[in-house]
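See structure below.
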Number of protein chains: 2
Amino acid sequence: LTALHQQIRRTIRRHALCPPGSRVLVGLSGGSDSVALTFALRELGPSLDFTLVGLAHVNHRLRDTADRDEAFCRALASRLGLPIHVAACDVKALAGERRCSIEEAARQARYGFFATIARQLDATRVAVGHTLDDQAETFVLKLARGAGLSGLGSIYPRRGDIIRPLLDVSREELREHLRSVGETWVEDETNADLSNPRNRVRHDVLPHLEQALGLPARRAIARAAGLVGEDARWLDELAAARLPRLAEATSEGLALDADQLRNEPAPIARRILLHALRERAAGKEIGLEHVQTALDVLAGVSGGADVPGSRVELRGRKLVLLQ
Amino acid sequence: LTALHQQIRRTIRRHALCPPGSRVLVGLSGGSDSVALTFALRELGPSLDFTLVGLAHVNHRLRDTADRDEAFCRALASRLGLPIHVAACDVKALAGERRCSIEEAARQARYGFFATIARQLDATRVAVGHTLDDQAETFVLKLARGAGLSGLGSIYPRRGDIIRPLLDVSREELREHLRSVGETWVEDETNADLSNPRNRVRHDVLPHLEQALGLPARRAIARAAGLVGEDARWLDELAAARLPRLAEATSEGLALDADQLRNEPAPIARRILLHALRERAAGKEIGLEHVQTALDVLAGVSGGADVPGSRVELRGRKLVLLQ
């Protein structure tokens, strides 16, 4: 095994991504990440006792080169002797229908199709090609945009049946490996489009940071992102479990036990309020500033305050979120 | 009150930095942050019922301009009618003696002197001038250097008697305020020295990031840093409290209950191992990779492994850290 495949194997074992007997479907775009993922899983399957059962490709028809990408994926599948399933999807129409961004519509279409094909092939896992670069880029973007609390959560190695065995390796390592074994991939030219903030992080912000500090910062940031995400996930679970124990629905709204809330450690108290405010916000955006507003009312730093969906007031021993 | 002083007041109240009756000493370098801090506390004291009891300045004798800075601080104190205490300190000699960096020696000298003067003046709090810029810069530096777990912890609003009322305001806001009221400050010309990584983050990395993304990223990063630090601190406390319950000293080393450790949530299990490995490392550096190594042994992903200060092995139901 190459060092690269050893690392991917470690990631799979550490997070139990492919338990023995797993049947794995790979989401293949034709880009370097998912092509390298296909080769890695093909090589690691026998010793880890899982089976690569097929490939799934979504033709988003967004770019002129979409058909070229589809042909590349079909040819690769045929060469590897793997079944491939291809969906064509009008992402622009879908985005209009669902009132979401084209990026989000494409994501939904992709994961929806993968789930369908997985059922068809009795696959127990769907592997996708996110790398440590994706992890670092996402973290920096969220950080710069002001995410905090659960908003800073990272890309998970596993979420349900979706697994990401490449999260500890870099895009550049994967490309070097493909070059060294004489394999090719297709380039998604939209990745070079610097009007997209993620691409500016990838091609400008992170290289600049690494150069200014002389450090391999992407790897360090990706690792920190994974850990911060793991912390945040568990704290979110704790807070979600606590909320019902100190909340009471009343005719006026939701009443939280102020003494109990003050006794919670700060990371839990913040998240309890975040959950409570979100529940009442009926889809309106609740951010950190609203949580802080509610904490200020709780601490007596401010009197009542309005946040999206509620008016927050301290009434005796209750922090009430009024209709 | 200006919007700036309102924000500082909120920070003080949110974190209970100056309870009624507090006697506050200000650490004054003469730079814009600590000068603005002095004015802010002087204005906020009466309504928040705390007293500014004096200023403390350390002349590090590191720069030609050190005496100019001292004279500036003395003149400011005299104009404000506040007592000022000045220490001269040979930081280079101290760094040699303690075998630490000059920066670290200066820090130790400063906080040591502040504590002495605080005792002398019966001060209950020592206020220092860290801003949200310092918070953001520290976070980015740690992130790029690969800190994680507790290593990513932030600058605290309060640690013991030390308080940082400026953590939610930016250096630029403070300078604008000083300019608007006709006050000046001294510039520490070493802040422009780009051979120092922190200065590269301040003058190059963060401005570049903000420009590339068109976002006020410093404020967002500082806020996230505060929250991540708060999470990490509480998780560290939980793990430190758990460790003795599943560890047992044996003649061979330290034995941890493997089943219990596997049942801990990942953020706690990691930190328990970090504490345990550090205890045994006798000052040798324990990093995330060593924690991961021990977790791999626990999960059976690897057999025994050597980390600084210990050999880690799984023996029956115990994860043992051998001498």
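By convention here, the chains of the structure tokens are called A, B, ... in the order presented, each chain's residues are numbered starting at 1, and ligands are numbered starting at 1 in the order presented.
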Per DSSP on the backbone, filter stretch 45-107 of chain B down to the residues in helix (DSSP H, G or I) and report them as a tab-separated table (two decimals) with all heavy atoms, in the first residue's frame.
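part07.tsv was written with the following content:
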```tsv
chain	number	residue	atom	x	y	z
B	45	GLY	N	-16.42	53.78	35.42
B	45	GLY	CA	-16.33	53.45	36.83
B	45	GLY	C	-17.51	53.92	37.69
B	45	GLY	O	-18.15	53.10	38.37
B	46	PRO	N	-17.83	55.21	37.65
B	46	PRO	CA	-18.88	55.71	38.54
B	46	PRO	C	-20.21	54.97	38.39
B	46	PRO	O	-20.79	54.52	39.37
B	46	PRO	CB	-19.01	57.19	38.13
B	46	PRO	CG	-17.65	57.54	37.59
B	46	PRO	CD	-17.15	56.30	36.90
B	47	SER	N	-20.68	54.76	37.12
B	47	SER	CA	-22.01	54.15	36.97
B	47	SER	C	-21.97	52.65	37.27
B	47	SER	O	-22.98	52.07	37.65
B	47	SER	CB	-22.56	54.41	35.57
B	47	SER	OG	-21.81	53.69	34.62
B	48	LEU	N	-20.83	52.00	37.08
B	48	LEU	CA	-20.75	50.56	37.37
B	48	LEU	C	-20.21	50.31	38.78
B	48	LEU	O	-20.02	49.16	39.18
B	48	LEU	CB	-19.88	49.84	36.33
B	48	LEU	CG	-20.46	49.74	34.92
B	48	LEU	CD1	-19.44	49.14	33.95
B	48	LEU	CD2	-21.74	48.89	34.92
B	66	ALA	N	11.78	53.13	24.50
B	66	ALA	CA	11.16	52.68	25.75
B	66	ALA	C	11.03	53.84	26.74
B	66	ALA	O	10.02	53.96	27.44
B	66	ALA	CB	11.95	51.54	26.37
B	67	ASP	N	12.03	54.70	26.79
B	67	ASP	CA	11.97	55.81	27.75
B	67	ASP	C	10.94	56.86	27.33
B	67	ASP	O	10.26	57.46	28.16
B	67	ASP	CB	13.35	56.44	27.92
B	67	ASP	CG	14.29	55.49	28.65
B	67	ASP	OD1	13.79	54.61	29.38
B	67	ASP	OD2	15.52	55.61	28.47
B	68	ARG	N	10.81	57.03	26.02
B	68	ARG	CA	9.76	57.93	25.51
B	68	ARG	C	8.38	57.41	25.96
B	68	ARG	O	7.53	58.16	26.41
B	68	ARG	CB	9.83	57.96	23.97
B	68	ARG	CG	8.69	58.71	23.33
B	68	ARG	CD	8.42	58.21	21.90
B	68	ARG	NE	7.94	56.83	21.89
B	68	ARG	CZ	7.65	56.14	20.79
B	68	ARG	NH1	7.84	56.67	19.59
B	68	ARG	NH2	7.20	54.90	20.86
B	69	ASP	N	8.18	56.08	25.84
B	69	ASP	CA	6.89	55.48	26.22
B	69	ASP	C	6.63	55.70	27.71
B	69	ASP	O	5.51	56.02	28.12
B	69	ASP	CB	6.87	53.98	25.91
B	69	ASP	CG	7.00	53.70	24.42
B	69	ASP	OD1	7.04	54.68	23.63
B	69	ASP	OD2	7.07	52.52	24.04
B	70	GLU	N	7.67	55.52	28.52
B	70	GLU	CA	7.51	55.70	29.97
B	70	GLU	C	7.11	57.15	30.27
B	70	GLU	O	6.20	57.40	31.06
B	70	GLU	CB	8.81	55.34	30.70
B	70	GLU	CG	8.68	55.53	32.20
B	70	GLU	CD	9.97	55.24	32.97
B	70	GLU	OE1	10.76	54.37	32.52
B	70	GLU	OE2	10.18	55.88	34.01
B	71	ALA	N	7.80	58.08	29.61
B	71	ALA	CA	7.50	59.50	29.85
B	71	ALA	C	6.05	59.80	29.45
B	71	ALA	O	5.33	60.53	30.15
B	71	ALA	CB	8.47	60.38	29.07
B	72	PHE	N	5.62	59.23	28.32
B	72	PHE	CA	4.24	59.44	27.85
B	72	PHE	C	3.25	58.96	28.91
B	72	PHE	O	2.28	59.64	29.23
B	72	PHE	CB	4.01	58.70	26.52
B	72	PHE	CG	2.58	58.75	26.06
B	72	PHE	CD1	2.13	59.81	25.26
B	72	PHE	CD2	1.67	57.76	26.43
B	72	PHE	CE1	0.81	59.87	24.85
B	72	PHE	CE2	0.34	57.82	26.02
B	72	PHE	CZ	-0.09	58.87	25.23
B	73	CYS	N	3.50	57.76	29.46
B	73	CYS	CA	2.58	57.18	30.46
B	73	CYS	C	2.56	58.02	31.73
B	73	CYS	O	1.50	58.26	32.32
B	73	CYS	CB	2.97	55.73	30.78
B	73	CYS	SG	2.70	54.62	29.38
B	74	ARG	N	3.74	58.47	32.15
B	74	ARG	CA	3.80	59.31	33.37
B	74	ARG	C	3.02	60.60	33.16
B	74	ARG	O	2.30	61.07	34.04
B	74	ARG	CB	5.26	59.64	33.71
B	74	ARG	CG	6.04	58.45	34.26
B	74	ARG	CD	7.39	58.92	34.83
B	74	ARG	NE	8.21	57.80	35.29
B	74	ARG	CZ	8.11	57.24	36.49
B	74	ARG	NH1	7.23	57.70	37.37
B	74	ARG	NH2	8.90	56.22	36.82
B	75	ALA	N	3.17	61.19	31.97
B	75	ALA	CA	2.47	62.46	31.70
B	75	ALA	C	0.96	62.24	31.68
B	75	ALA	O	0.20	63.05	32.22
B	75	ALA	CB	2.95	63.03	30.36
B	76	LEU	N	0.53	61.13	31.07
B	76	LEU	CA	-0.90	60.83	31.01
B	76	LEU	C	-1.46	60.65	32.42
B	76	LEU	O	-2.51	61.21	32.77
B	76	LEU	CB	-1.15	59.58	30.17
B	76	LEU	CG	-2.62	59.15	30.04
B	76	LEU	CD1	-3.46	60.21	29.32
B	76	LEU	CD2	-2.73	57.81	29.29
B	77	ALA	N	-0.74	59.90	33.24
B	77	ALA	CA	-1.18	59.64	34.62
B	77	ALA	C	-1.32	60.96	35.38
B	77	ALA	O	-2.31	61.19	36.08
B	77	ALA	CB	-0.19	58.72	35.32
B	78	SER	N	-0.34	61.82	35.20
B	78	SER	CA	-0.34	63.07	35.95
B	78	SER	C	-1.52	63.94	35.51
B	78	SER	O	-2.23	64.53	36.31
B	78	SER	CB	1.03	63.73	35.76
B	78	SER	OG	0.89	65.10	35.59
B	79	ARG	N	-1.77	63.95	34.18
B	79	ARG	CA	-2.89	64.73	33.67
B	79	ARG	C	-4.22	64.20	34.20
B	79	ARG	O	-5.15	64.96	34.46
B	79	ARG	CB	-2.87	64.66	32.14
B	79	ARG	CG	-3.82	65.59	31.45
B	79	ARG	CD	-3.28	66.01	30.09
B	79	ARG	NE	-2.98	64.89	29.22
B	79	ARG	CZ	-3.89	64.28	28.43
B	79	ARG	NH1	-5.14	64.66	28.44
B	79	ARG	NH2	-3.54	63.28	27.65
B	80	LEU	N	-4.34	62.85	34.34
B	80	LEU	CA	-5.59	62.25	34.81
B	80	LEU	C	-5.67	62.23	36.33
B	80	LEU	O	-6.68	61.80	36.90
B	80	LEU	CB	-5.73	60.82	34.27
B	80	LEU	CG	-5.80	60.67	32.74
B	80	LEU	CD1	-5.95	59.21	32.35
B	80	LEU	CD2	-6.94	61.50	32.15
B	91	VAL	N	14.60	42.53	30.27
B	91	VAL	CA	13.89	41.37	29.76
B	91	VAL	C	14.83	40.37	29.11
B	91	VAL	O	14.64	39.16	29.19
B	91	VAL	CB	12.78	41.81	28.79
B	91	VAL	CG1	12.15	40.62	28.12
B	91	VAL	CG2	11.73	42.62	29.53
B	92	LYS	N	15.88	40.89	28.46
B	92	LYS	CA	16.82	39.98	27.79
B	92	LYS	C	17.49	39.07	28.81
B	92	LYS	O	17.61	37.86	28.62
B	92	LYS	CB	17.87	40.76	27.01
B	92	LYS	CG	17.38	41.10	25.62
B	92	LYS	CD	18.44	41.79	24.77
B	92	LYS	CE	17.75	42.46	23.60
B	92	LYS	NZ	18.46	43.62	23.10
B	93	ALA	N	17.92	39.68	29.94
B	93	ALA	CA	18.57	38.88	30.99
B	93	ALA	C	17.58	37.86	31.55
B	93	ALA	O	17.92	36.68	31.75
B	93	ALA	CB	19.08	39.79	32.10
B	94	LEU	N	16.33	38.30	31.77
B	94	LEU	CA	15.31	37.41	32.32
B	94	LEU	C	15.06	36.22	31.38
B	94	LEU	O	14.92	35.08	31.82
B	94	LEU	CB	14.01	38.20	32.52
B	94	LEU	CG	12.92	37.51	33.33
B	94	LEU	CD1	13.33	37.35	34.78
B	94	LEU	CD2	11.61	38.31	33.25
B	95	ALA	N	15.01	36.52	30.06
B	95	ALA	CA	14.78	35.46	29.08
B	95	ALA	C	15.91	34.43	29.14
B	95	ALA	O	15.68	33.22	29.05
B	95	ALA	CB	14.65	36.05	27.68
B	96	GLY	N	17.14	34.92	29.31
B	96	GLY	CA	18.27	34.02	29.41
B	96	GLY	C	18.17	33.14	30.65
B	96	GLY	O	18.35	31.92	30.57
B	97	GLU	N	17.84	33.79	31.76
B	97	GLU	CA	17.72	33.10	33.04
B	97	GLU	C	16.64	32.00	33.00
B	97	GLU	O	16.86	30.88	33.45
B	97	GLU	CB	17.26	34.16	34.05
B	97	GLU	CG	17.77	34.07	35.45
B	97	GLU	CD	17.36	35.34	36.18
B	97	GLU	OE1	16.24	35.31	36.76
B	97	GLU	OE2	18.09	36.36	36.13
B	98	ARG	N	15.48	32.35	32.44
B	98	ARG	CA	14.35	31.41	32.45
B	98	ARG	C	14.30	30.54	31.20
B	98	ARG	O	13.35	29.78	30.99
B	98	ARG	CB	13.03	32.19	32.55
B	98	ARG	CG	12.97	33.01	33.82
B	98	ARG	CD	11.56	33.42	34.18
B	98	ARG	NE	11.57	34.18	35.42
B	98	ARG	CZ	10.61	35.00	35.83
B	98	ARG	NH1	9.54	35.15	35.08
B	98	ARG	NH2	10.70	35.63	36.97
B	102	ILE	N	12.08	36.11	24.50
B	102	ILE	CA	12.02	37.47	25.04
B	102	ILE	C	10.57	37.91	25.22
B	102	ILE	O	10.20	38.53	26.22
B	102	ILE	CB	12.79	38.44	24.11
B	102	ILE	CG1	14.30	38.16	24.27
B	102	ILE	CG2	12.46	39.89	24.42
B	102	ILE	CD1	15.18	39.14	23.55
B	103	GLU	N	9.75	37.52	24.24
B	103	GLU	CA	8.32	37.85	24.32
B	103	GLU	C	7.70	37.25	25.59
B	103	GLU	O	6.95	37.91	26.32
B	103	GLU	CB	7.63	37.28	23.09
B	103	GLU	CG	6.39	38.04	22.68
B	103	GLU	CD	5.82	37.51	21.35
B	103	GLU	OE1	6.07	36.34	21.00
B	103	GLU	OE2	5.12	38.28	20.67
B	104	GLU	N	8.03	35.98	25.86
B	104	GLU	CA	7.48	35.29	27.03
B	104	GLU	C	8.03	35.90	28.33
B	104	GLU	O	7.29	36.07	29.31
B	104	GLU	CB	7.80	33.79	26.94
B	104	GLU	CG	7.41	32.95	28.15
B	104	GLU	CD	5.91	32.99	28.47
B	104	GLU	OE1	5.11	33.34	27.58
B	104	GLU	OE2	5.56	32.69	29.63
B	105	ALA	N	9.32	36.24	28.33
B	105	ALA	CA	9.92	36.85	29.53
B	105	ALA	C	9.25	38.20	29.81
B	105	ALA	O	8.95	38.53	30.97
B	105	ALA	CB	11.42	37.04	29.33
B	106	ALA	N	9.00	38.97	28.74
B	106	ALA	CA	8.36	40.27	28.92
B	106	ALA	C	6.96	40.10	29.49
B	106	ALA	O	6.54	40.84	30.38
B	106	ALA	CB	8.30	41.01	27.57
B	107	ARG	N	6.27	39.08	28.99
B	107	ARG	CA	4.91	38.81	29.46
B	107	ARG	C	4.92	38.46	30.96
B	107	ARG	O	4.16	38.99	31.75
B	107	ARG	CB	4.33	37.63	28.66
B	107	ARG	CG	2.81	37.59	28.58
B	107	ARG	CD	2.37	36.29	27.91
B	107	ARG	NE	2.78	35.14	28.69
B	107	ARG	CZ	2.14	34.71	29.78
B	107	ARG	NH1	1.05	35.32	30.19
B	107	ARG	NH2	2.59	33.67	30.45
```
Write out as CSV the residues of chain A that have any atom within 8 Å of an atom of chain B, one row each with the nearest atom pair and its distance in Å to one decimal, counting only C-alpha atoms, sorted by chain and then rising number.
```
residue,atom,partner,partner_atom,distance
A:Arg10,CA,B:Val301,CA,7.5
A:Arg13,CA,B:Val301,CA,6.5
A:Arg14,CA,B:Asp296,CA,6.9
A:Leu143,CA,B:Ile221,CA,5.6
A:Ala144,CA,B:Ala217,CA,4.4
A:Arg145,CA,B:Ala220,CA,6.4
A:Gly146,CA,B:Ala220,CA,4.2
A:Ala147,CA,B:Ala224,CA,6.8
A:Gly148,CA,B:Ala224,CA,4.9
A:Leu149,CA,B:Leu227,CA,6.7
A:Pro197,CA,B:Leu213,CA,6.4
A:Arg200,CA,B:Ala212,CA,6.8
A:Val201,CA,B:Ala212,CA,7.9
A:Asp204,CA,B:Ala212,CA,7.6
A:Val205,CA,B:Leu209,CA,5.8
A:His208,CA,B:Val205,CA,7.2
A:Leu209,CA,B:Val205,CA,5.8
A:Glu210,CA,B:Ala144,CA,8.0
A:Ala212,CA,B:Arg200,CA,6.8
A:Leu213,CA,B:Pro197,CA,6.4
A:Leu215,CA,B:Ala144,CA,6.9
A:Pro216,CA,B:Ala144,CA,7.4
A:Ala217,CA,B:Ala144,CA,4.4
A:Arg218,CA,B:Ala144,CA,7.4
A:Arg219,CA,B:Gly146,CA,7.9
A:Ala220,CA,B:Gly146,CA,4.2
A:Ile221,CA,B:Leu143,CA,5.6
A:Arg223,CA,B:Gly148,CA,7.4
A:Ala224,CA,B:Gly148,CA,4.9
A:Leu227,CA,B:Leu149,CA,6.7
A:Val228,CA,B:Val228,CA,7.4
A:Glu230,CA,B:Pro267,CA,6.5
A:Asp231,CA,B:Pro267,CA,5.4
A:Ala232,CA,B:Asp231,CA,7.9
A:Trp234,CA,B:Pro265,CA,7.4
A:Pro265,CA,B:Trp234,CA,7.4
A:Ala266,CA,B:Glu230,CA,7.2
A:Pro267,CA,B:Asp231,CA,5.4
A:Asp296,CA,B:Arg14,CA,6.9
A:Ala299,CA,B:Arg14,CA,7.5
A:Val301,CA,B:Arg13,CA,6.5
```
Practice problem: Can you pull out every residue within 10 Å of stretch 261-264 of chain B, counting only C-alpha atoms, but drop anything in the same chain fewer than 4 positions away, and send it as a VMD selection string? | Solution: chain B and resid 239 242 to 243 246 to 247 256 to 257 268 to 270 272 to 273 295 298 to 299 318 to 319
Self-check item: Residue neighbourhood B:Leu254, 10 Å, only C-alpha atoms, exclusion window fewer than 5 positions, as a PyMOL selection string
Solution: chain B and resi 247-249+276-277+279-280+310+312+318-323
For the residues selected in the previous step, produce a file with N, CA and C atoms as a CSV table (one decimal), in the first residue's frame.
```csv
chain,number,residue,atom,x,y,z
B,247,ALA,N,-8.8,5.8,35.8
B,247,ALA,CA,-7.4,5.6,35.8
B,247,ALA,C,-6.9,4.9,37.1
B,248,GLU,N,-5.9,4.1,37.0
B,248,GLU,CA,-5.4,3.4,38.2
B,248,GLU,C,-3.9,3.3,38.0
B,249,ALA,N,-3.2,3.8,39.0
B,249,ALA,CA,-1.7,3.7,38.9
B,249,ALA,C,-1.3,2.3,39.3
B,276,ALA,N,-3.9,12.3,30.4
B,276,ALA,CA,-3.2,11.2,30.9
B,276,ALA,C,-1.8,11.1,30.3
B,277,LEU,N,-1.7,11.3,29.0
B,277,LEU,CA,-0.4,11.3,28.3
B,277,LEU,C,0.5,12.4,28.8
B,279,GLU,N,0.4,13.9,31.8
B,279,GLU,CA,0.8,13.6,33.1
B,279,GLU,C,2.1,12.7,33.1
B,280,ARG,N,2.1,11.8,32.2
B,280,ARG,CA,3.2,10.9,32.1
B,280,ARG,C,4.4,11.3,31.3
B,310,SER,N,5.7,7.4,27.2
B,310,SER,CA,5.0,6.2,27.5
B,310,SER,C,5.0,5.2,26.3
B,312,VAL,N,2.1,2.7,24.8
B,312,VAL,CA,0.7,2.5,24.9
B,312,VAL,C,0.4,1.1,24.4
B,318,LYS,N,-7.8,-3.1,29.8
B,318,LYS,CA,-7.0,-1.9,30.2
B,318,LYS,C,-6.2,-1.4,29.0
B,319,LEU,N,-6.3,0.0,28.9
B,319,LEU,CA,-5.3,0.6,28.0
B,319,LEU,C,-4.2,1.1,29.0
B,320,VAL,N,-3.0,0.5,28.8
B,320,VAL,CA,-2.0,0.8,29.7
B,320,VAL,C,-0.9,1.8,29.1
B,321,LEU,N,-0.5,2.8,29.9
B,321,LEU,CA,0.5,3.7,29.5
B,321,LEU,C,1.7,3.2,30.3
B,322,LEU,N,2.7,2.5,29.7
B,322,LEU,CA,3.8,1.9,30.4
B,322,LEU,C,4.9,2.9,30.5
B,323,GLN,N,5.7,2.7,31.6
B,323,GLN,CA,6.9,3.6,31.9
B,323,GLN,C,7.8,3.5,30.7
```
Exercise. Extract the full set of strand (DSSP E) residues from stretch 13-166 of chain B according to DSSP on the backbone, and format it as a PyMOL selection string.
Key: chain B and resi 23-27+51-59+84-88+125-127+158-159+162-163
Would you list the contacts of stretch 172-179 of chain A as a compact mmCIF listing (two decimals) with N, CA, C and O atoms, in the first residue's frame, taking every protein, DNA or RNA residue within 8 Å and counting only C-alpha atoms, but skipping same-chain residues closer than 5 positions in sequence?
```txt
# COMPACT_ATOMS: atom_id res chain seq x y z
N LEU A 4 -0.39 7.03 0.87
CA LEU A 4 -1.70 7.62 0.69
C LEU A 4 -2.82 6.63 1.04
O LEU A 4 -3.74 6.95 1.79
N SER A 32 -10.60 14.83 -9.79
CA SER A 32 -9.50 14.04 -9.22
C SER A 32 -9.89 13.37 -7.91
O SER A 32 -9.50 12.23 -7.65
N ASP A 33 -10.68 14.04 -7.08
CA ASP A 33 -10.98 13.49 -5.76
C ASP A 33 -11.77 12.18 -5.87
O ASP A 33 -11.39 11.16 -5.28
N ALA A 36 -9.77 9.34 -7.56
CA ALA A 36 -8.80 8.74 -6.63
C ALA A 36 -9.52 7.91 -5.57
O ALA A 36 -9.02 6.86 -5.14
N THR A 184 -5.92 9.73 -15.24
CA THR A 184 -6.31 11.12 -15.48
C THR A 184 -7.65 11.40 -14.82
O THR A 184 -8.27 10.51 -14.23
```
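Note that the spacing between atom CA of A:Arg23 and atom CA of A:Ile84 amounts to 14.6 Å.
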Practice problem: Pick out the residues sitting within 12 Å of A:Gly21, and hand them over as a list in words; count only C-alpha atoms, and ignore anything fewer than 3 positions along from it in its own chain. | Solution: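 Result of the neighbour search: Leu17, Cys18, Val24, Gly45, Pro46, Ser47, Leu48, Asp49, Phe50, Thr51, Leu52, Val53, Asp122, Ala123, Thr124 and Arg125 of chain A.
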How would the residues just picked look written out with N, CA, C and O atoms as a PDB file, in the first residue's frame?
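Written output follows (out.pdb):
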```pdb
ATOM      1  N   LEU A  17     -15.845   3.469   8.938  1.00  0.00           N
ATOM      2  CA  LEU A  17     -16.640   3.907   7.787  1.00  0.00           C
ATOM      3  C   LEU A  17     -17.205   2.732   6.998  1.00  0.00           C
ATOM      4  O   LEU A  17     -18.301   2.823   6.452  1.00  0.00           O
ATOM      5  N   CYS A  18     -16.426   1.643   6.916  1.00  0.00           N
ATOM      6  CA  CYS A  18     -16.858   0.479   6.132  1.00  0.00           C
ATOM      7  C   CYS A  18     -16.729  -0.781   6.979  1.00  0.00           C
ATOM      8  O   CYS A  18     -15.731  -1.502   6.860  1.00  0.00           O
ATOM      9  N   VAL A  24     -20.350  -0.765  -0.908  1.00  0.00           N
ATOM     10  CA  VAL A  24     -20.098   0.670  -1.043  1.00  0.00           C
ATOM     11  C   VAL A  24     -20.352   1.147  -2.470  1.00  0.00           C
ATOM     12  O   VAL A  24     -19.827   0.588  -3.431  1.00  0.00           O
ATOM     13  N   GLY A  45     -10.718  -2.555  -0.499  1.00  0.00           N
ATOM     14  CA  GLY A  45     -11.873  -3.405  -0.214  1.00  0.00           C
ATOM     15  C   GLY A  45     -11.522  -4.807   0.282  1.00  0.00           C
ATOM     16  O   GLY A  45     -11.979  -5.222   1.354  1.00  0.00           O
ATOM     17  N   PRO A  46     -10.701  -5.541  -0.474  1.00  0.00           N
ATOM     18  CA  PRO A  46     -10.451  -6.936  -0.087  1.00  0.00           C
ATOM     19  C   PRO A  46      -9.916  -7.081   1.339  1.00  0.00           C
ATOM     20  O   PRO A  46     -10.450  -7.877   2.115  1.00  0.00           O
ATOM     21  N   SER A  47      -8.901  -6.258   1.724  1.00  0.00           N
ATOM     22  CA  SER A  47      -8.312  -6.468   3.047  1.00  0.00           C
ATOM     23  C   SER A  47      -9.223  -5.961   4.163  1.00  0.00           C
ATOM     24  O   SER A  47      -9.164  -6.440   5.291  1.00  0.00           O
ATOM     25  N   LEU A  48     -10.075  -4.980   3.869  1.00  0.00           N
ATOM     26  CA  LEU A  48     -10.984  -4.478   4.909  1.00  0.00           C
ATOM     27  C   LEU A  48     -12.351  -5.158   4.821  1.00  0.00           C
ATOM     28  O   LEU A  48     -13.264  -4.823   5.583  1.00  0.00           O
ATOM     29  N   ASP A  49     -12.477  -6.089   3.873  1.00  0.00           N
ATOM     30  CA  ASP A  49     -13.693  -6.892   3.766  1.00  0.00           C
ATOM     31  C   ASP A  49     -14.940  -6.067   3.453  1.00  0.00           C
ATOM     32  O   ASP A  49     -15.976  -6.235   4.076  1.00  0.00           O
ATOM     33  N   PHE A  50     -14.784  -5.107   2.511  1.00  0.00           N
ATOM     34  CA  PHE A  50     -15.997  -4.472   1.978  1.00  0.00           C
ATOM     35  C   PHE A  50     -15.943  -4.566   0.458  1.00  0.00           C
ATOM     36  O   PHE A  50     -14.892  -4.858  -0.120  1.00  0.00           O
ATOM     37  N   THR A  51     -17.090  -4.358  -0.196  1.00  0.00           N
ATOM     38  CA  THR A  51     -17.175  -4.510  -1.649  1.00  0.00           C
ATOM     39  C   THR A  51     -17.570  -3.191  -2.300  1.00  0.00           C
ATOM     40  O   THR A  51     -18.514  -2.531  -1.845  1.00  0.00           O
ATOM     41  N   LEU A  52     -16.853  -2.836  -3.338  1.00  0.00           N
ATOM     42  CA  LEU A  52     -17.220  -1.675  -4.150  1.00  0.00           C
ATOM     43  C   LEU A  52     -18.258  -2.168  -5.151  1.00  0.00           C
ATOM     44  O   LEU A  52     -17.940  -2.954  -6.043  1.00  0.00           O
ATOM     45  N   VAL A  53     -19.518  -1.752  -4.981  1.00  0.00           N
ATOM     46  CA  VAL A  53     -20.581  -2.346  -5.801  1.00  0.00           C
ATOM     47  C   VAL A  53     -20.939  -1.529  -7.030  1.00  0.00           C
ATOM     48  O   VAL A  53     -21.654  -2.014  -7.901  1.00  0.00           O
ATOM     49  N   ASP A 122     -28.476  -2.454  -3.182  1.00  0.00           N
ATOM     50  CA  ASP A 122     -28.283  -2.955  -1.815  1.00  0.00           C
ATOM     51  C   ASP A 122     -26.971  -2.441  -1.224  1.00  0.00           C
ATOM     52  O   ASP A 122     -26.310  -3.173  -0.463  1.00  0.00           O
ATOM     53  N   ALA A 123     -26.603  -1.236  -1.579  1.00  0.00           N
ATOM     54  CA  ALA A 123     -25.375  -0.670  -1.010  1.00  0.00           C
ATOM     55  C   ALA A 123     -25.681  -0.171   0.399  1.00  0.00           C
ATOM     56  O   ALA A 123     -26.756   0.375   0.657  1.00  0.00           O
ATOM     57  N   THR A 124     -24.731  -0.373   1.324  1.00  0.00           N
ATOM     58  CA  THR A 124     -24.935   0.071   2.707  1.00  0.00           C
ATOM     59  C   THR A 124     -24.210   1.382   2.991  1.00  0.00           C
ATOM     60  O   THR A 124     -24.411   1.994   4.037  1.00  0.00           O
ATOM     61  N   ARG A 125     -23.328   1.793   2.080  1.00  0.00           N
ATOM     62  CA  ARG A 125     -22.587   3.034   2.246  1.00  0.00           C
ATOM     63  C   ARG A 125     -22.482   3.753   0.911  1.00  0.00           C
ATOM     64  O   ARG A 125     -22.364   3.101  -0.134  1.00  0.00           O
TER      65      ARG A 125
END
```
